[in-house]
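Written below as structure tokens is the structure these notes are about.
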Amino acid sequence: MTSVPLVSVFSADDSSKVTAKHIPLPAVFQTPIRPDIVSFVHTNIAKNRRQAHAVNPQAGMQHSAESWGTGRAVARIPRVSGSGTHRSGQAAFGNQCRKGRMSLPIKVWRRWHRRVNIKQKRHAAATAVAATGIVPLVLARGHRISQVPQIPLVVEDKIESYEKTTDALNFLKRFGAFEDVQKVVSTKVVRAGISKQRGKKYRVRKGPLVVYFNENAKLLKAFRNVPGVEVVNVTRLNLLQLAPGGQLGRFVIWTQSAFAHLDKLFGTYRYTSIIKDGYQLLRPLITNPDLARIINSNQVQEKVQPAKTTKVLHEVQKKNPLKNSKAMDRLNPYAKKQRAAAVAAIKANTKGTKKIKKNKALKKASRAAYNKVAASLNDATKAAVQEEQDIKVKYFSVQKGAAQTE
Amino acid sequence: MSQSVLWEVVKGNNAFLVKRNGLTLSTDPFNNTGVQTYSSTGFITKNAIGVVPTQSKVNQINNVNLVARKSTKFQQVDRKTKNTQSVYASTLSVKHGIHTASRVIRKRFGTRRLGLQKAALRKLVKLNRANSVRRRNEIAATKAQKK
């Protein structure tokens, strides 16, 4: 990267106005995109909010069940003691039994949380921040950003002093972020499963993430009731918010001071971070990952052998040369001339003969004769049919016009 | 960002991905084939053209829009332009002529990417045809009503 990309800071009141025209992009945004690191860190960090739970240790075991042993024509599983109830003699204790305890019952001392190496966590966060600046990734995550003026979206610090939700909403509308909020609202669904009875009734999507810097900022209260919108301080950027579900490319709205703080937070490629002590941004394995460009570059094309053309040994579909003249010509180049010669010969032979003209009068006469014969045939068949009918009526007493049952 | 890198991130999971009946399809507006493949996925490229129907009512194509993908390197959207612009695309309505639209597509691709070019043109023609059929039916309906 020889030239530093520049970003504009927008005025909070008017999305067409730019307060600062060209701010250099913090180095974090040029970190290589590493979905593998993000995925690993996310799956582990996502486990850290879990609360311990367990199955009642006595569940399924509150019986004095004993196995009946062998010789009783029943399976050797422990059976409930006593009598006088259906339950007696039924199998108990096993995980396979009805009303038995589960296999390997969950204990409270299960390892709920995962620790991840700090460097990995930092790399993941840096990559996630970088991904928020890449439009296709934000699109791929499903944010509606068609009206947003710029990505990454940086706004002046004025929004940090917003106290009213109406201000927040109007701000989002002005910057085209409201479409994303609308998506969140319209896709709010009742959760499938039991969790809906356990305080998680709705499944709500993630909308824009607003990142601020000053600790005294009031915008948390302004934005917190807007569905889907989350607010976070730069110093406490959370991978679970930057890449929800492990999916890179959250739509982020930065305030100017938050944006400026990123260089101090993550450091650059020229100096390590001040705040994350000694942290150096990840360097890419390949500086130019554009495969197409590499392949088409002069340096590669010079060394590369010319492309092989596929040699056609024979036609894919066999054509009969006796019928297909082109196929014949391929086999016997002289065939074309032979055919032409034959045609010429025929022409020469028939040069003197007259063409037979069709005699219209003859045609008419022959047609008339034919019609006459056809008519007489018709009459004959009619007469025959009538005769048959008469005979039937006369000898078999069949009523005229009645259906014949024979 | 390079197309190859973005593809590695996006191919497994993205908002446009639809997997049904063993098919891997895409609702990406810049994808004219409908199938998710590396070359046909337009939103990860810098220069794709999507042919998109605009609807006012369900099952009605009122107009066809060309959505042209553009380089998004921290560009600020120029709000003064006639064509609606966004950070990642500029939209051109096809109301005035299918020939203009096809020229836009051809010019964008030039002699390269014939497959993508053909796909875009094919979709343009189909949508336009559907549109004209609908208009014809509408006209016939209004005529019948008048009678």
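In the structure tokens, chains take letters A, B, ... by order of appearance, with residues numbered from 1 within each chain and ligands from 1 in the order shown.
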
At most 10 Å to chain B: residues in chain A, only C-alpha atoms, as a PyMOL selection string: chain A and resi 5-8+15-16+18+25+30+32-36+133-143+145-153+176+247-248+288-293

According to DSSP computed on the backbone, where in range 229-259 of chain A is there helix (DSSP H, G or I)? Give the residues as a PyMOL selection string. chain A and resi 234-236+239-242+244-246+256-259

Selection: 10 Å around Arg108 in chain B, only C-alpha atoms, excl. self and same-chain fewer than 4 positions, as a PyMOL selection string: chain B and resi 47-49+68+102-104+112-113+117

DSSP on the backbone: what in chain B comes out strand (DSSP E), as a VMD selection string? chain B and resid 17 to 20 23 to 26 49 to 54 63 to 69 89 to 93

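Atom pair CA of Ala46 in chain A / CA of Ala260 in chain A has a distance of 28.4 Å (rounded to one decimal).
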
For Lys123 in chain B: contacts at 9 Å, only C-alpha atoms, fewer than 2 positions along chain excluded, given as a VMD selection string: chain B and resid 32 to 33 51 to 52 118 to 121 125 to 128

Please produce an output containing all heavy atoms for each residue in the selection, written as an mmCIF file, in the first residue's frame.
```cif
data_model
loop_
_atom_site.group_PDB
_atom_site.id
_atom_site.type_symbol
_atom_site.label_atom_id
_atom_site.label_comp_id
_atom_site.auth_asym_id
_atom_site.auth_seq_id
_atom_site.Cartn_x
_atom_site.Cartn_y
_atom_site.Cartn_z
ATOM 1 N N ASN B 32 -26.542 -12.538 -12.550
ATOM 2 C CA ASN B 32 -27.580 -12.688 -13.558
ATOM 3 C C ASN B 32 -27.927 -14.133 -13.854
ATOM 4 O O ASN B 32 -28.890 -14.410 -14.555
ATOM 5 C CB ASN B 32 -27.149 -12.002 -14.854
ATOM 6 C CG ASN B 32 -27.158 -10.501 -14.690
ATOM 7 O OD1 ASN B 32 -28.071 -9.948 -14.108
ATOM 8 N ND2 ASN B 32 -26.130 -9.844 -15.197
ATOM 9 N N THR B 33 -27.141 -15.062 -13.338
ATOM 10 C CA THR B 33 -27.469 -16.453 -13.600
ATOM 11 C C THR B 33 -28.319 -17.062 -12.494
ATOM 12 O O THR B 33 -29.028 -18.022 -12.712
ATOM 13 C CB THR B 33 -26.187 -17.290 -13.727
ATOM 14 O OG1 THR B 33 -25.449 -17.157 -12.517
ATOM 15 C CG2 THR B 33 -25.339 -16.812 -14.873
ATOM 16 N N VAL B 51 -29.073 -7.033 -13.734
ATOM 17 C CA VAL B 51 -30.328 -6.645 -14.371
ATOM 18 C C VAL B 51 -31.431 -6.981 -13.396
ATOM 19 O O VAL B 51 -31.669 -8.131 -13.065
ATOM 20 C CB VAL B 51 -30.540 -7.404 -15.689
ATOM 21 C CG1 VAL B 51 -31.784 -6.934 -16.373
ATOM 22 C CG2 VAL B 51 -29.339 -7.206 -16.581
ATOM 23 N N VAL B 52 -32.131 -5.961 -12.927
ATOM 24 C CA VAL B 52 -33.025 -6.127 -11.788
ATOM 25 C C VAL B 52 -34.409 -5.610 -12.122
ATOM 26 O O VAL B 52 -34.556 -4.507 -12.618
ATOM 27 C CB VAL B 52 -32.439 -5.361 -10.586
ATOM 28 C CG1 VAL B 52 -33.439 -5.244 -9.479
ATOM 29 C CG2 VAL B 52 -31.182 -6.047 -10.094
ATOM 30 N N LYS B 118 -23.305 -12.361 -21.793
ATOM 31 C CA LYS B 118 -24.460 -13.038 -22.371
ATOM 32 C C LYS B 118 -25.544 -13.222 -21.334
ATOM 33 O O LYS B 118 -26.725 -13.059 -21.600
ATOM 34 C CB LYS B 118 -24.025 -14.401 -22.931
ATOM 35 C CG LYS B 118 -23.251 -14.294 -24.217
ATOM 36 C CD LYS B 118 -24.015 -14.881 -25.384
ATOM 37 C CE LYS B 118 -23.474 -14.332 -26.677
ATOM 38 N NZ LYS B 118 -22.148 -14.923 -27.008
ATOM 39 N N ALA B 119 -25.093 -13.570 -20.115
ATOM 40 C CA ALA B 119 -26.074 -13.791 -19.050
ATOM 41 C C ALA B 119 -26.861 -12.523 -18.771
ATOM 42 O O ALA B 119 -28.087 -12.544 -18.614
ATOM 43 C CB ALA B 119 -25.358 -14.277 -17.795
ATOM 44 N N ALA B 120 -26.138 -11.387 -18.722
ATOM 45 C CA ALA B 120 -26.799 -10.112 -18.450
ATOM 46 C C ALA B 120 -27.780 -9.758 -19.571
ATOM 47 O O ALA B 120 -28.922 -9.356 -19.324
ATOM 48 C CB ALA B 120 -25.767 -9.013 -18.283
ATOM 49 N N LEU B 121 -27.332 -9.954 -20.801
ATOM 50 C CA LEU B 121 -28.189 -9.611 -21.943
ATOM 51 C C LEU B 121 -29.413 -10.505 -21.988
ATOM 52 O O LEU B 121 -30.533 -10.064 -22.252
ATOM 53 C CB LEU B 121 -27.391 -9.733 -23.242
ATOM 54 C CG LEU B 121 -26.321 -8.677 -23.465
ATOM 55 C CD1 LEU B 121 -25.443 -9.040 -24.630
ATOM 56 C CD2 LEU B 121 -26.960 -7.323 -23.704
ATOM 57 N N VAL B 125 -33.286 -9.255 -21.852
ATOM 58 C CA VAL B 125 -34.286 -9.555 -22.875
ATOM 59 C C VAL B 125 -35.511 -10.217 -22.261
ATOM 60 O O VAL B 125 -36.654 -9.862 -22.568
ATOM 61 C CB VAL B 125 -33.659 -10.466 -23.954
ATOM 62 C CG1 VAL B 125 -34.727 -11.065 -24.824
ATOM 63 C CG2 VAL B 125 -32.677 -9.682 -24.794
ATOM 64 N N LYS B 126 -35.253 -11.168 -21.363
ATOM 65 C CA LYS B 126 -36.377 -11.902 -20.773
ATOM 66 C C LYS B 126 -37.271 -10.997 -19.961
ATOM 67 O O LYS B 126 -38.505 -11.046 -20.066
ATOM 68 C CB LYS B 126 -35.837 -13.028 -19.889
ATOM 69 C CG LYS B 126 -35.434 -14.233 -20.656
ATOM 70 C CD LYS B 126 -35.292 -15.448 -19.775
ATOM 71 C CE LYS B 126 -34.960 -16.645 -20.655
ATOM 72 N NZ LYS B 126 -34.436 -17.760 -19.885
ATOM 73 N N LEU B 127 -36.630 -10.160 -19.133
ATOM 74 C CA LEU B 127 -37.420 -9.257 -18.293
ATOM 75 C C LEU B 127 -38.193 -8.265 -19.145
ATOM 76 O O LEU B 127 -39.345 -7.947 -18.888
ATOM 77 C CB LEU B 127 -36.516 -8.519 -17.313
ATOM 78 C CG LEU B 127 -36.023 -9.335 -16.133
ATOM 79 C CD1 LEU B 127 -35.130 -8.499 -15.266
ATOM 80 C CD2 LEU B 127 -37.182 -9.849 -15.319
ATOM 81 N N ASN B 128 -37.524 -7.787 -20.181
ATOM 82 C CA ASN B 128 -38.172 -6.824 -21.053
ATOM 83 C C ASN B 128 -39.382 -7.441 -21.738
ATOM 84 O O ASN B 128 -40.444 -6.820 -21.869
ATOM 85 C CB ASN B 128 -37.170 -6.333 -22.108
ATOM 86 C CG ASN B 128 -37.620 -5.040 -22.731
ATOM 87 O OD1 ASN B 128 -37.942 -4.108 -22.034
ATOM 88 N ND2 ASN B 128 -37.653 -5.008 -24.043
#
```
